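Comments concern the structure below.
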Amino acid sequence: MKHITFYLDFVSPYAWLAFEKLPHMLEGLSYSIEYRPVLLGALLQAQGNPGPAGIPAKRDWTYRHVTWMGQRLGIPLQMPARHPFQPLPLLRLALAYSMDGSINRFTAGAFLRHVWQGGQDALDPARLEALGALLSEQQQGSSGLDPKDLLWANTEAAADRGVFGVPAFEVDGKIFWGFESLPMLRAYLDGDAWFDTHWQAAGQVPSGLPPASPKSA
């Protein structure tokens with residue numbers, strides 16, 4: 001049985017698509033999975049990456065693409081009233097009942113649906129209160145751990161392991177990034193021989209760009 005760590009941030013529409021598609025993609029395989037909330041903004045900042053929302057044309061394309069993908073795949077997806085938004089309240093609320101920084105599939109799904117179904121404001125106080133009430137009904141009480149600490153520990157650990165965006169899936173030390181990586185993840189778990197000879201080599205192509213110049217003071 002393979003163990004998969006699913007790194008996600010609820011602000012990502014691709015995390016929602018991957019969450020819904022993953023069980024179907026891995027049907028018939030023996031695996032376990034844990035869901036680890038991370039702060040996407042911190043991962044992007046560490047790489048000097050503005051993200052899709054930081055490039056106006058890419059932002060427009062991303063929203064068109066995910067909306068079309070949802071329709072194509074039969075996964076309900078409506079853009080929230082505002083996007084991007086600061087996901088910290090959602091991430092910390094999701095981790096309020098966590099003992100180790102992971103959350104279960106029920107919790108992950110509840111928060112992703114909160115954002116990506118209905119087209120409402122993800123940070124509306126009344127909706128957050130209702131989400132917290134739903135979570136408390138399904139849990140046995142707060143862990144007593146600081147959700148802020150759990151979130152930062154998750155994010156730092158993910159960055160250290162090579163995660164640079166979400167959704168990302170880690171198995172056997174290999175990182176598969178993005179919704180589009182699901183077929184590749186399936187192939188690896190199926191024992192595709194490509195990974196024995198090409199995984200390492202494919203990532204070692206020399207760069208043809210000059211080294212970055214040091215920034216002037």
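Just so we're on the same page: first chain in the structure tokens is A, next is B, and so on; residues restart at 1 for each chain, and ligands are numbered from 1 in the order they show up.
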Neighbouring residues of segment 23-29 of chain A were defined as those with any atom within 8 Å, considering only C-alpha atoms; residues of the same chain fewer than 4 positions away were excluded. Please report them as a PyMOL selection string. chain A and resi 19+182-183+186+189-190
Could the residues in this selection be saved with N, CA, C and O atoms as a PDB file, in the first residue's frame?
```
ATOM      1  N   PHE A  19      -9.225  17.179  -5.765  1.00  0.00           N
ATOM      2  CA  PHE A  19      -9.878  16.499  -4.646  1.00  0.00           C
ATOM      3  C   PHE A  19     -11.023  15.622  -5.133  1.00  0.00           C
ATOM      4  O   PHE A  19     -11.174  14.472  -4.702  1.00  0.00           O
ATOM      5  N   LEU A 182      -2.336  14.082 -12.221  1.00  0.00           N
ATOM      6  CA  LEU A 182      -3.019  12.897 -11.713  1.00  0.00           C
ATOM      7  C   LEU A 182      -2.771  11.651 -12.577  1.00  0.00           C
ATOM      8  O   LEU A 182      -2.540  10.562 -12.030  1.00  0.00           O
ATOM      9  N   PRO A 183      -2.817  11.736 -13.919  1.00  0.00           N
ATOM     10  CA  PRO A 183      -2.505  10.535 -14.707  1.00  0.00           C
ATOM     11  C   PRO A 183      -1.079  10.036 -14.467  1.00  0.00           C
ATOM     12  O   PRO A 183      -0.826   8.826 -14.464  1.00  0.00           O
ATOM     13  N   ARG A 186      -0.999   8.229 -11.192  1.00  0.00           N
ATOM     14  CA  ARG A 186      -1.594   6.898 -11.379  1.00  0.00           C
ATOM     15  C   ARG A 186      -0.580   5.953 -12.022  1.00  0.00           C
ATOM     16  O   ARG A 186      -0.444   4.783 -11.610  1.00  0.00           O
ATOM     17  N   LEU A 189       1.977   4.768  -9.467  1.00  0.00           N
ATOM     18  CA  LEU A 189       1.423   3.795  -8.535  1.00  0.00           C
ATOM     19  C   LEU A 189       1.140   2.459  -9.217  1.00  0.00           C
ATOM     20  O   LEU A 189       1.124   1.409  -8.561  1.00  0.00           O
ATOM     21  N   ASP A 190       0.944   2.500 -10.531  1.00  0.00           N
ATOM     22  CA  ASP A 190       0.751   1.274 -11.301  1.00  0.00           C
ATOM     23  C   ASP A 190       2.068   0.556 -11.597  1.00  0.00           C
ATOM     24  O   ASP A 190       2.066  -0.543 -12.160  1.00  0.00           O
TER      25      ASP A 190
END
```
As a PyMOL selection string, please: every residue in segment 141-189 of chain A that DSSP puts in strand (DSSP E). chain A and resi 168-171+174-177
Selection above as a file: all heavy atoms, as a tab-separated table (two decimals), in the first residue's frame:
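Final output, saved to result-v3.tsv:
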```
chain	number	residue	atom	x	y	z
A	168	ALA	N	-0.48	19.41	-4.72
A	168	ALA	CA	0.72	18.60	-4.91
A	168	ALA	C	0.54	17.30	-4.16
A	168	ALA	O	-0.10	17.26	-3.10
A	168	ALA	CB	1.96	19.34	-4.42
A	169	PHE	N	1.11	16.25	-4.71
A	169	PHE	CA	0.97	14.92	-4.14
A	169	PHE	C	2.37	14.34	-3.94
A	169	PHE	O	3.17	14.31	-4.88
A	169	PHE	CB	0.16	14.02	-5.07
A	169	PHE	CG	-1.10	14.66	-5.55
A	169	PHE	CD1	-1.10	15.38	-6.75
A	169	PHE	CD2	-2.26	14.60	-4.82
A	169	PHE	CE1	-2.25	16.01	-7.20
A	169	PHE	CE2	-3.42	15.23	-5.26
A	169	PHE	CZ	-3.41	15.93	-6.45
A	170	GLU	N	2.65	13.88	-2.74
A	170	GLU	CA	3.95	13.28	-2.46
A	170	GLU	C	3.77	11.80	-2.17
A	170	GLU	O	2.94	11.40	-1.34
A	170	GLU	CB	4.61	13.96	-1.26
A	170	GLU	CG	5.99	13.37	-0.96
A	170	GLU	CD	6.65	13.98	0.26
A	170	GLU	OE1	6.01	14.81	0.93
A	170	GLU	OE2	7.81	13.62	0.53
A	171	VAL	N	4.57	10.99	-2.82
A	171	VAL	CA	4.59	9.55	-2.56
A	171	VAL	C	6.01	9.06	-2.81
A	171	VAL	O	6.62	9.41	-3.82
A	171	VAL	CB	3.55	8.81	-3.43
A	171	VAL	CG1	3.77	9.07	-4.90
A	171	VAL	CG2	3.56	7.32	-3.14
A	174	LYS	N	8.60	11.45	-4.06
A	174	LYS	CA	8.38	12.09	-5.35
A	174	LYS	C	7.22	13.07	-5.24
A	174	LYS	O	6.20	12.78	-4.61
A	174	LYS	CB	8.09	11.05	-6.43
A	174	LYS	CG	9.27	10.15	-6.77
A	174	LYS	CD	8.89	9.11	-7.81
A	174	LYS	CE	10.12	8.37	-8.32
A	174	LYS	NZ	10.83	7.63	-7.25
A	175	ILE	N	7.37	14.24	-5.87
A	175	ILE	CA	6.34	15.27	-5.86
A	175	ILE	C	5.67	15.32	-7.23
A	175	ILE	O	6.34	15.47	-8.26
A	175	ILE	CB	6.93	16.65	-5.52
A	175	ILE	CG1	7.63	16.63	-4.15
A	175	ILE	CG2	5.83	17.72	-5.55
A	175	ILE	CD1	6.72	16.36	-2.98
A	176	PHE	N	4.36	15.22	-7.23
A	176	PHE	CA	3.55	15.37	-8.44
A	176	PHE	C	2.73	16.64	-8.24
A	176	PHE	O	1.95	16.73	-7.30
A	176	PHE	CB	2.64	14.16	-8.63
A	176	PHE	CG	3.38	12.86	-8.84
A	176	PHE	CD1	3.88	12.15	-7.75
A	176	PHE	CD2	3.59	12.36	-10.11
A	176	PHE	CE1	4.56	10.96	-7.93
A	176	PHE	CE2	4.27	11.16	-10.31
A	176	PHE	CZ	4.77	10.47	-9.21
A	177	TRP	N	2.90	17.60	-9.16
A	177	TRP	CA	2.27	18.90	-8.97
A	177	TRP	C	1.15	19.13	-9.97
A	177	TRP	O	1.29	18.85	-11.16
A	177	TRP	CB	3.29	20.02	-9.13
A	177	TRP	CG	2.64	21.39	-9.15
A	177	TRP	CD1	2.03	22.02	-8.12
A	177	TRP	CD2	2.53	22.26	-10.27
A	177	TRP	NE1	1.54	23.25	-8.52
A	177	TRP	CE2	1.84	23.41	-9.85
A	177	TRP	CE3	2.95	22.18	-11.60
A	177	TRP	CZ2	1.56	24.48	-10.70
A	177	TRP	CZ3	2.67	23.23	-12.45
A	177	TRP	CH2	1.99	24.37	-12.00
```
I want to know what sits within 9 Å of Thr155 of chain A, based on only C-alpha atoms, with residues of the same chain fewer than 2 positions away left out; could you give that as a compact mmCIF listing (two decimals) with all heavy atoms, in the first residue's frame?
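Final file, around-v1.txt:
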```
# COMPACT_ATOMS: atom_id res chain seq x y z
N TYR A 7 -1.05 17.92 -0.55
CA TYR A 7 -0.88 19.29 -0.08
C TYR A 7 -1.90 20.18 -0.79
O TYR A 7 -1.98 20.17 -2.03
CB TYR A 7 0.54 19.80 -0.37
CG TYR A 7 1.62 18.99 0.30
CD1 TYR A 7 2.32 18.00 -0.39
CD2 TYR A 7 1.97 19.22 1.64
CE1 TYR A 7 3.32 17.26 0.22
CE2 TYR A 7 2.96 18.48 2.26
CZ TYR A 7 3.64 17.51 1.55
OH TYR A 7 4.64 16.78 2.16
N ARG A 36 -2.93 17.72 3.80
CA ARG A 36 -2.13 18.67 4.55
C ARG A 36 -2.37 20.09 4.04
O ARG A 36 -1.90 20.47 2.96
CB ARG A 36 -0.64 18.34 4.40
CG ARG A 36 -0.23 17.07 5.10
CD ARG A 36 0.42 17.38 6.43
NE ARG A 36 0.54 16.17 7.24
CZ ARG A 36 0.94 16.16 8.49
NH1 ARG A 36 1.25 17.31 9.07
NH2 ARG A 36 1.02 15.05 9.18
N PRO A 37 -3.10 20.92 4.77
CA PRO A 37 -3.28 22.32 4.37
C PRO A 37 -1.96 23.08 4.45
O PRO A 37 -1.21 22.94 5.43
CB PRO A 37 -4.29 22.86 5.38
CG PRO A 37 -4.97 21.65 5.93
CD PRO A 37 -3.92 20.58 5.94
N VAL A 38 -1.67 23.85 3.43
CA VAL A 38 -0.48 24.72 3.39
C VAL A 38 -0.91 26.09 2.89
O VAL A 38 -1.97 26.24 2.27
CB VAL A 38 0.62 24.13 2.49
CG1 VAL A 38 1.15 22.82 3.03
CG2 VAL A 38 0.13 23.95 1.05
N LEU A 39 -0.07 27.07 3.11
CA LEU A 39 -0.35 28.43 2.66
C LEU A 39 0.30 28.63 1.29
O LEU A 39 1.52 28.79 1.20
CB LEU A 39 0.17 29.46 3.67
CG LEU A 39 -0.12 30.92 3.35
CD1 LEU A 39 -1.62 31.17 3.26
CD2 LEU A 39 0.50 31.82 4.41
N LEU A 40 -0.51 28.61 0.25
CA LEU A 40 0.01 28.72 -1.11
C LEU A 40 0.82 30.00 -1.29
O LEU A 40 1.87 29.99 -1.94
CB LEU A 40 -1.14 28.66 -2.11
CG LEU A 40 -0.78 28.89 -3.57
CD1 LEU A 40 0.24 27.87 -4.07
CD2 LEU A 40 -2.04 28.87 -4.45
N ALA A 42 2.70 31.63 0.67
CA ALA A 42 4.05 31.53 1.21
C ALA A 42 4.93 30.67 0.31
O ALA A 42 6.12 30.97 0.12
CB ALA A 42 4.01 30.94 2.62
N LEU A 43 4.37 29.60 -0.25
CA LEU A 43 5.14 28.76 -1.18
C LEU A 43 5.53 29.56 -2.43
O LEU A 43 6.65 29.46 -2.91
CB LEU A 43 4.33 27.52 -1.57
CG LEU A 43 4.04 26.51 -0.46
CD1 LEU A 43 3.14 25.41 -0.98
CD2 LEU A 43 5.33 25.92 0.10
N LEU A 150 0.57 24.88 13.36
CA LEU A 150 0.42 23.71 12.49
C LEU A 150 0.51 24.11 11.02
O LEU A 150 1.14 23.41 10.22
CB LEU A 150 -0.92 23.03 12.77
CG LEU A 150 -1.07 22.34 14.12
CD1 LEU A 150 -2.50 21.81 14.29
CD2 LEU A 150 -0.08 21.18 14.25
N LEU A 151 -0.12 25.23 10.68
CA LEU A 151 -0.10 25.67 9.29
C LEU A 151 1.31 26.02 8.84
O LEU A 151 1.74 25.62 7.75
CB LEU A 151 -1.03 26.87 9.12
CG LEU A 151 -1.07 27.49 7.72
CD1 LEU A 151 -1.54 26.47 6.68
CD2 LEU A 151 -1.98 28.72 7.70
N TRP A 152 2.03 26.76 9.67
CA TRP A 152 3.38 27.14 9.27
C TRP A 152 4.32 25.94 9.23
O TRP A 152 5.19 25.85 8.35
CB TRP A 152 3.93 28.22 10.20
CG TRP A 152 3.37 29.57 9.85
CD1 TRP A 152 2.53 30.32 10.61
CD2 TRP A 152 3.57 30.29 8.64
NE1 TRP A 152 2.19 31.49 9.94
CE2 TRP A 152 2.82 31.49 8.74
CE3 TRP A 152 4.31 30.06 7.49
CZ2 TRP A 152 2.79 32.45 7.73
CZ3 TRP A 152 4.28 31.01 6.47
CH2 TRP A 152 3.53 32.18 6.60
N ALA A 153 4.10 25.00 10.15
CA ALA A 153 4.92 23.78 10.12
C ALA A 153 4.64 23.00 8.85
O ALA A 153 5.57 22.48 8.20
CB ALA A 153 4.63 22.93 11.36
N ALA A 157 7.51 22.50 5.99
CA ALA A 157 7.89 21.12 5.67
C ALA A 157 7.65 20.82 4.20
O ALA A 157 8.46 20.14 3.54
CB ALA A 157 7.11 20.15 6.55
N ALA A 158 6.53 21.32 3.67
CA ALA A 158 6.24 21.11 2.25
C ALA A 158 7.30 21.76 1.38
O ALA A 158 7.79 21.14 0.41
CB ALA A 158 4.86 21.66 1.91
N ALA A 159 7.68 22.99 1.70
CA ALA A 159 8.71 23.68 0.92
C ALA A 159 10.03 22.92 0.98
O ALA A 159 10.73 22.79 -0.03
CB ALA A 159 8.87 25.10 1.44
N ASP A 160 10.36 22.42 2.15
CA ASP A 160 11.61 21.67 2.32
C ASP A 160 11.61 20.40 1.48
O ASP A 160 12.68 19.92 1.06
CB ASP A 160 11.84 21.32 3.79
CG ASP A 160 12.21 22.53 4.63
OD1 ASP A 160 12.58 23.57 4.06
OD2 ASP A 160 12.09 22.44 5.87
N VAL A 163 7.86 21.07 -2.51
CA VAL A 163 6.55 21.51 -2.96
C VAL A 163 6.61 23.01 -3.26
O VAL A 163 7.05 23.80 -2.42
CB VAL A 163 5.47 21.22 -1.89
CG1 VAL A 163 4.11 21.78 -2.32
CG2 VAL A 163 5.38 19.72 -1.62
```
Tell me, counting only C-alpha atoms, for each residue of segment 121-215 of chain A within 6 Å of segment 76-97 of chain A, which pair of atoms is nearest and how far apart they are in Å to one decimal, in rows ordered by chain and increasing number, as JSON lines.
```
{"residue": "A:Asp121", "atom": "CA", "partner": "A:Ala81", "partner_atom": "CA", "distance": 4.8}
{"residue": "A:Ser142", "atom": "CA", "partner": "A:Tyr97", "partner_atom": "CA", "distance": 4.6}
{"residue": "A:Ser143", "atom": "CA", "partner": "A:Tyr97", "partner_atom": "CA", "distance": 5.1}
{"residue": "A:Pro147", "atom": "CA", "partner": "A:Arg92", "partner_atom": "CA", "distance": 5.0}
```
In terms of only C-alpha atoms, the residue from A:Ser181, A:Thr197, A:Thr62, A:Asn49 at minimal distance from Pro167 of chain A is A:Ser181
What's the 10 Å shell around Ile33 of chain A, counting only C-alpha atoms, without same-chain residues fewer than 6 positions away, as a PyMOL selection string? chain A and resi 2-6+104-105+169-171
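Here atom CA of Gly119 of chain A stands at a distance of 24.0 Å from atom CA of Glu180 of chain A.
Of the listed residues A:Tyr35, A:Phe106, A:Trp116, A:Trp68, the one whose atoms come nearest to Leu8 of chain A is A:Tyr35, with distances taken using only C-alpha atoms.
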All residues 12 Å or closer to Ile75 of chain A, only C-alpha atoms, same chain fewer than 4 positions away omitted, as an mmCIF file with N, CA, C and O atoms, in the first residue's frame:
```cif
data_model
loop_
_atom_site.group_PDB
_atom_site.id
_atom_site.type_symbol
_atom_site.label_atom_id
_atom_site.label_comp_id
_atom_site.auth_asym_id
_atom_site.auth_seq_id
_atom_site.Cartn_x
_atom_site.Cartn_y
_atom_site.Cartn_z
ATOM 1 N N PRO A 13 -8.502 26.612 -7.104
ATOM 2 C CA PRO A 13 -9.566 25.858 -7.774
ATOM 3 C C PRO A 13 -9.067 24.507 -8.271
ATOM 4 O O PRO A 13 -9.839 23.541 -8.344
ATOM 5 N N TYR A 14 -7.793 24.410 -8.599
ATOM 6 C CA TYR A 14 -7.261 23.131 -9.063
ATOM 7 C C TYR A 14 -7.202 22.117 -7.925
ATOM 8 O O TYR A 14 -7.300 20.909 -8.161
ATOM 9 N N TRP A 16 -9.520 21.875 -5.675
ATOM 10 C CA TRP A 16 -10.899 21.363 -5.642
ATOM 11 C C TRP A 16 -11.118 20.326 -6.733
ATOM 12 O O TRP A 16 -11.664 19.241 -6.479
ATOM 13 N N LEU A 17 -10.678 20.622 -7.938
ATOM 14 C CA LEU A 17 -10.839 19.660 -9.030
ATOM 15 C C LEU A 17 -10.089 18.363 -8.728
ATOM 16 O O LEU A 17 -10.607 17.263 -8.947
ATOM 17 N N ALA A 18 -8.870 18.492 -8.210
ATOM 18 C CA ALA A 18 -8.076 17.301 -7.902
ATOM 19 C C ALA A 18 -8.699 16.497 -6.764
ATOM 20 O O ALA A 18 -8.697 15.258 -6.796
ATOM 21 N N PHE A 19 -9.225 17.179 -5.765
ATOM 22 C CA PHE A 19 -9.878 16.499 -4.646
ATOM 23 C C PHE A 19 -11.023 15.622 -5.133
ATOM 24 O O PHE A 19 -11.174 14.472 -4.702
ATOM 25 N N GLU A 20 -11.820 16.151 -6.040
ATOM 26 C CA GLU A 20 -12.959 15.404 -6.557
ATOM 27 C C GLU A 20 -12.541 14.283 -7.507
ATOM 28 O O GLU A 20 -13.135 13.209 -7.514
ATOM 29 N N LYS A 21 -11.504 14.523 -8.282
ATOM 30 C CA LYS A 21 -11.108 13.555 -9.313
ATOM 31 C C LYS A 21 -10.222 12.440 -8.773
ATOM 32 O O LYS A 21 -10.218 11.332 -9.336
ATOM 33 N N VAL A 66 -10.584 26.809 -15.274
ATOM 34 C CA VAL A 66 -11.126 25.948 -14.221
ATOM 35 C C VAL A 66 -12.643 25.850 -14.314
ATOM 36 O O VAL A 66 -13.222 24.796 -14.024
ATOM 37 N N THR A 67 -13.299 26.929 -14.723
ATOM 38 C CA THR A 67 -14.749 26.871 -14.881
ATOM 39 C C THR A 67 -15.127 25.906 -16.000
ATOM 40 O O THR A 67 -16.064 25.104 -15.864
ATOM 41 N N TRP A 68 -14.379 25.952 -17.081
ATOM 42 C CA TRP A 68 -14.625 25.024 -18.184
ATOM 43 C C TRP A 68 -14.316 23.596 -17.766
ATOM 44 O O TRP A 68 -15.069 22.665 -18.078
ATOM 45 N N MET A 69 -13.191 23.406 -17.023
ATOM 46 C CA MET A 69 -12.821 22.065 -16.584
ATOM 47 C C MET A 69 -13.891 21.466 -15.673
ATOM 48 O O MET A 69 -14.219 20.283 -15.777
ATOM 49 N N GLY A 70 -14.434 22.280 -14.775
ATOM 50 C CA GLY A 70 -15.486 21.785 -13.913
ATOM 51 C C GLY A 70 -16.685 21.309 -14.712
ATOM 52 O O GLY A 70 -17.242 20.236 -14.458
ATOM 53 N N GLN A 71 -17.083 22.120 -15.701
ATOM 54 C CA GLN A 71 -18.211 21.733 -16.554
ATOM 55 C C GLN A 71 -17.888 20.471 -17.341
ATOM 56 O O GLN A 71 -18.711 19.563 -17.462
ATOM 57 N N ARG A 113 -15.759 22.764 -0.768
ATOM 58 C CA ARG A 113 -17.118 23.062 -1.263
ATOM 59 C C ARG A 113 -17.566 24.445 -0.795
ATOM 60 O O ARG A 113 -18.272 25.155 -1.530
ATOM 61 N N TRP A 116 -15.858 26.683 -3.400
ATOM 62 C CA TRP A 116 -16.004 26.475 -4.835
ATOM 63 C C TRP A 116 -17.390 26.067 -5.299
ATOM 64 O O TRP A 116 -17.589 25.790 -6.472
ATOM 65 N N GLN A 117 -18.354 26.056 -4.388
ATOM 66 C CA GLN A 117 -19.731 25.815 -4.798
ATOM 67 C C GLN A 117 -20.607 26.967 -4.312
ATOM 68 O O GLN A 117 -20.499 27.388 -3.150
#
```
Which of segment 20-209 of chain A counts as helix (DSSP H, G or I) under DSSP, as an MDAnalysis selection string please? chainID A and resid 20:25 40:46 52:54 56:73 88:97 105:116 125:138 147:160 179:189 194:197 199:202
Atoms to include: C-alpha atoms. Write the selected residues as a short mmCIF file (atom, residue, chain, number, x, y, z; two decimals), in the first residue's frame.
```cif
data_model
loop_
_atom_site.label_atom_id
_atom_site.label_comp_id
_atom_site.auth_asym_id
_atom_site.auth_seq_id
_atom_site.Cartn_x
_atom_site.Cartn_y
_atom_site.Cartn_z
CA GLU A 20 -12.96 15.40 -6.56
CA LYS A 21 -11.11 13.56 -9.31
CA LEU A 22 -8.48 11.74 -7.24
CA PRO A 23 -10.64 8.80 -6.00
CA HIS A 24 -11.74 8.04 -9.56
CA MET A 25 -8.22 8.37 -10.95
CA LEU A 40 0.01 28.72 -1.11
CA GLY A 41 1.03 32.38 -0.93
CA ALA A 42 4.05 31.53 1.21
CA LEU A 43 5.14 28.76 -1.18
CA LEU A 44 4.87 31.14 -4.13
CA GLN A 45 6.70 33.92 -2.33
CA ALA A 46 9.57 31.58 -1.48
CA PRO A 52 -1.80 33.31 -11.59
CA ALA A 53 -3.49 36.20 -9.79
CA GLY A 54 -0.36 38.32 -10.12
CA PRO A 56 -3.78 39.80 -15.19
CA ALA A 57 -4.00 37.81 -18.43
CA LYS A 58 -3.11 34.57 -16.62
CA ARG A 59 -5.68 35.33 -13.94
CA ASP A 60 -8.41 35.65 -16.57
CA TRP A 61 -7.26 32.47 -18.28
CA THR A 62 -7.14 30.51 -15.01
CA TYR A 63 -10.73 31.39 -14.12
CA ARG A 64 -11.94 30.50 -17.61
CA HIS A 65 -9.99 27.26 -17.60
CA VAL A 66 -11.13 25.95 -14.22
CA THR A 67 -14.75 26.87 -14.88
CA TRP A 68 -14.62 25.02 -18.18
CA MET A 69 -12.82 22.06 -16.58
CA GLY A 70 -15.49 21.79 -13.91
CA GLN A 71 -18.21 21.73 -16.55
CA ARG A 72 -16.25 19.26 -18.66
CA LEU A 73 -15.66 16.87 -15.75
CA LEU A 88 -5.69 32.11 6.45
CA PRO A 89 -9.04 32.07 8.32
CA LEU A 90 -10.11 28.94 6.44
CA LEU A 91 -6.79 27.14 6.81
CA ARG A 92 -6.58 27.85 10.52
CA LEU A 93 -10.19 26.85 11.10
CA ALA A 94 -9.62 23.56 9.27
CA LEU A 95 -6.60 22.83 11.48
CA ALA A 96 -8.33 23.73 14.74
CA TYR A 97 -9.13 20.07 15.38
CA ARG A 105 -11.36 13.95 3.77
CA PHE A 106 -14.64 15.16 5.29
CA THR A 107 -12.98 18.36 6.53
CA ALA A 108 -11.08 18.96 3.29
CA GLY A 109 -14.24 18.49 1.25
CA ALA A 110 -16.34 20.74 3.48
CA PHE A 111 -13.89 23.62 3.11
CA LEU A 112 -13.37 23.17 -0.62
CA ARG A 113 -17.12 23.06 -1.26
CA HIS A 114 -17.51 26.15 0.95
CA VAL A 115 -15.25 28.04 -1.46
CA TRP A 116 -16.00 26.47 -4.84
CA PRO A 125 -18.45 35.83 8.77
CA ALA A 126 -21.83 34.08 8.93
CA ARG A 127 -20.67 31.39 6.53
CA LEU A 128 -17.43 30.90 8.47
CA GLU A 129 -19.42 30.51 11.67
CA ALA A 130 -21.63 27.88 10.03
CA LEU A 131 -18.58 26.07 8.72
CA GLY A 132 -17.03 26.04 12.18
CA ALA A 133 -20.26 24.65 13.64
CA LEU A 134 -20.31 21.89 11.05
CA LEU A 135 -16.72 21.02 11.85
CA SER A 136 -17.32 20.91 15.60
CA GLU A 137 -20.26 18.54 15.10
CA GLN A 138 -18.03 16.06 13.32
CA PRO A 147 -3.59 26.12 14.21
CA LYS A 148 -1.17 28.90 13.22
CA ASP A 149 1.78 26.77 14.29
CA LEU A 150 0.42 23.71 12.49
CA LEU A 151 -0.10 25.67 9.29
CA TRP A 152 3.38 27.14 9.27
CA ALA A 153 4.92 23.78 10.12
CA ASN A 154 3.01 22.20 7.23
CA THR A 155 4.05 24.95 4.83
CA GLU A 156 7.71 24.91 5.82
CA ALA A 157 7.89 21.12 5.67
CA ALA A 158 6.24 21.11 2.25
CA ALA A 159 8.71 23.68 0.92
CA ASP A 160 11.61 21.67 2.32
CA PHE A 179 -4.36 18.70 -11.33
CA GLU A 180 -2.82 17.62 -14.64
CA SER A 181 -0.34 15.37 -12.81
CA LEU A 182 -3.02 12.90 -11.71
CA PRO A 183 -2.51 10.53 -14.71
CA MET A 184 1.25 10.57 -14.01
CA LEU A 185 0.61 9.79 -10.34
CA ARG A 186 -1.59 6.90 -11.38
CA ALA A 187 1.11 5.60 -13.70
CA TYR A 188 3.69 5.67 -10.91
CA LEU A 189 1.42 3.79 -8.54
CA TRP A 194 9.43 4.95 -17.02
CA PHE A 195 10.01 6.11 -13.47
CA ASP A 196 12.90 3.69 -12.98
CA THR A 197 15.02 5.21 -15.73
CA TRP A 199 12.32 10.33 -13.51
CA GLN A 200 15.72 11.41 -12.25
CA ALA A 201 17.31 12.05 -15.64
CA ALA A 202 14.44 14.18 -16.94
#
```
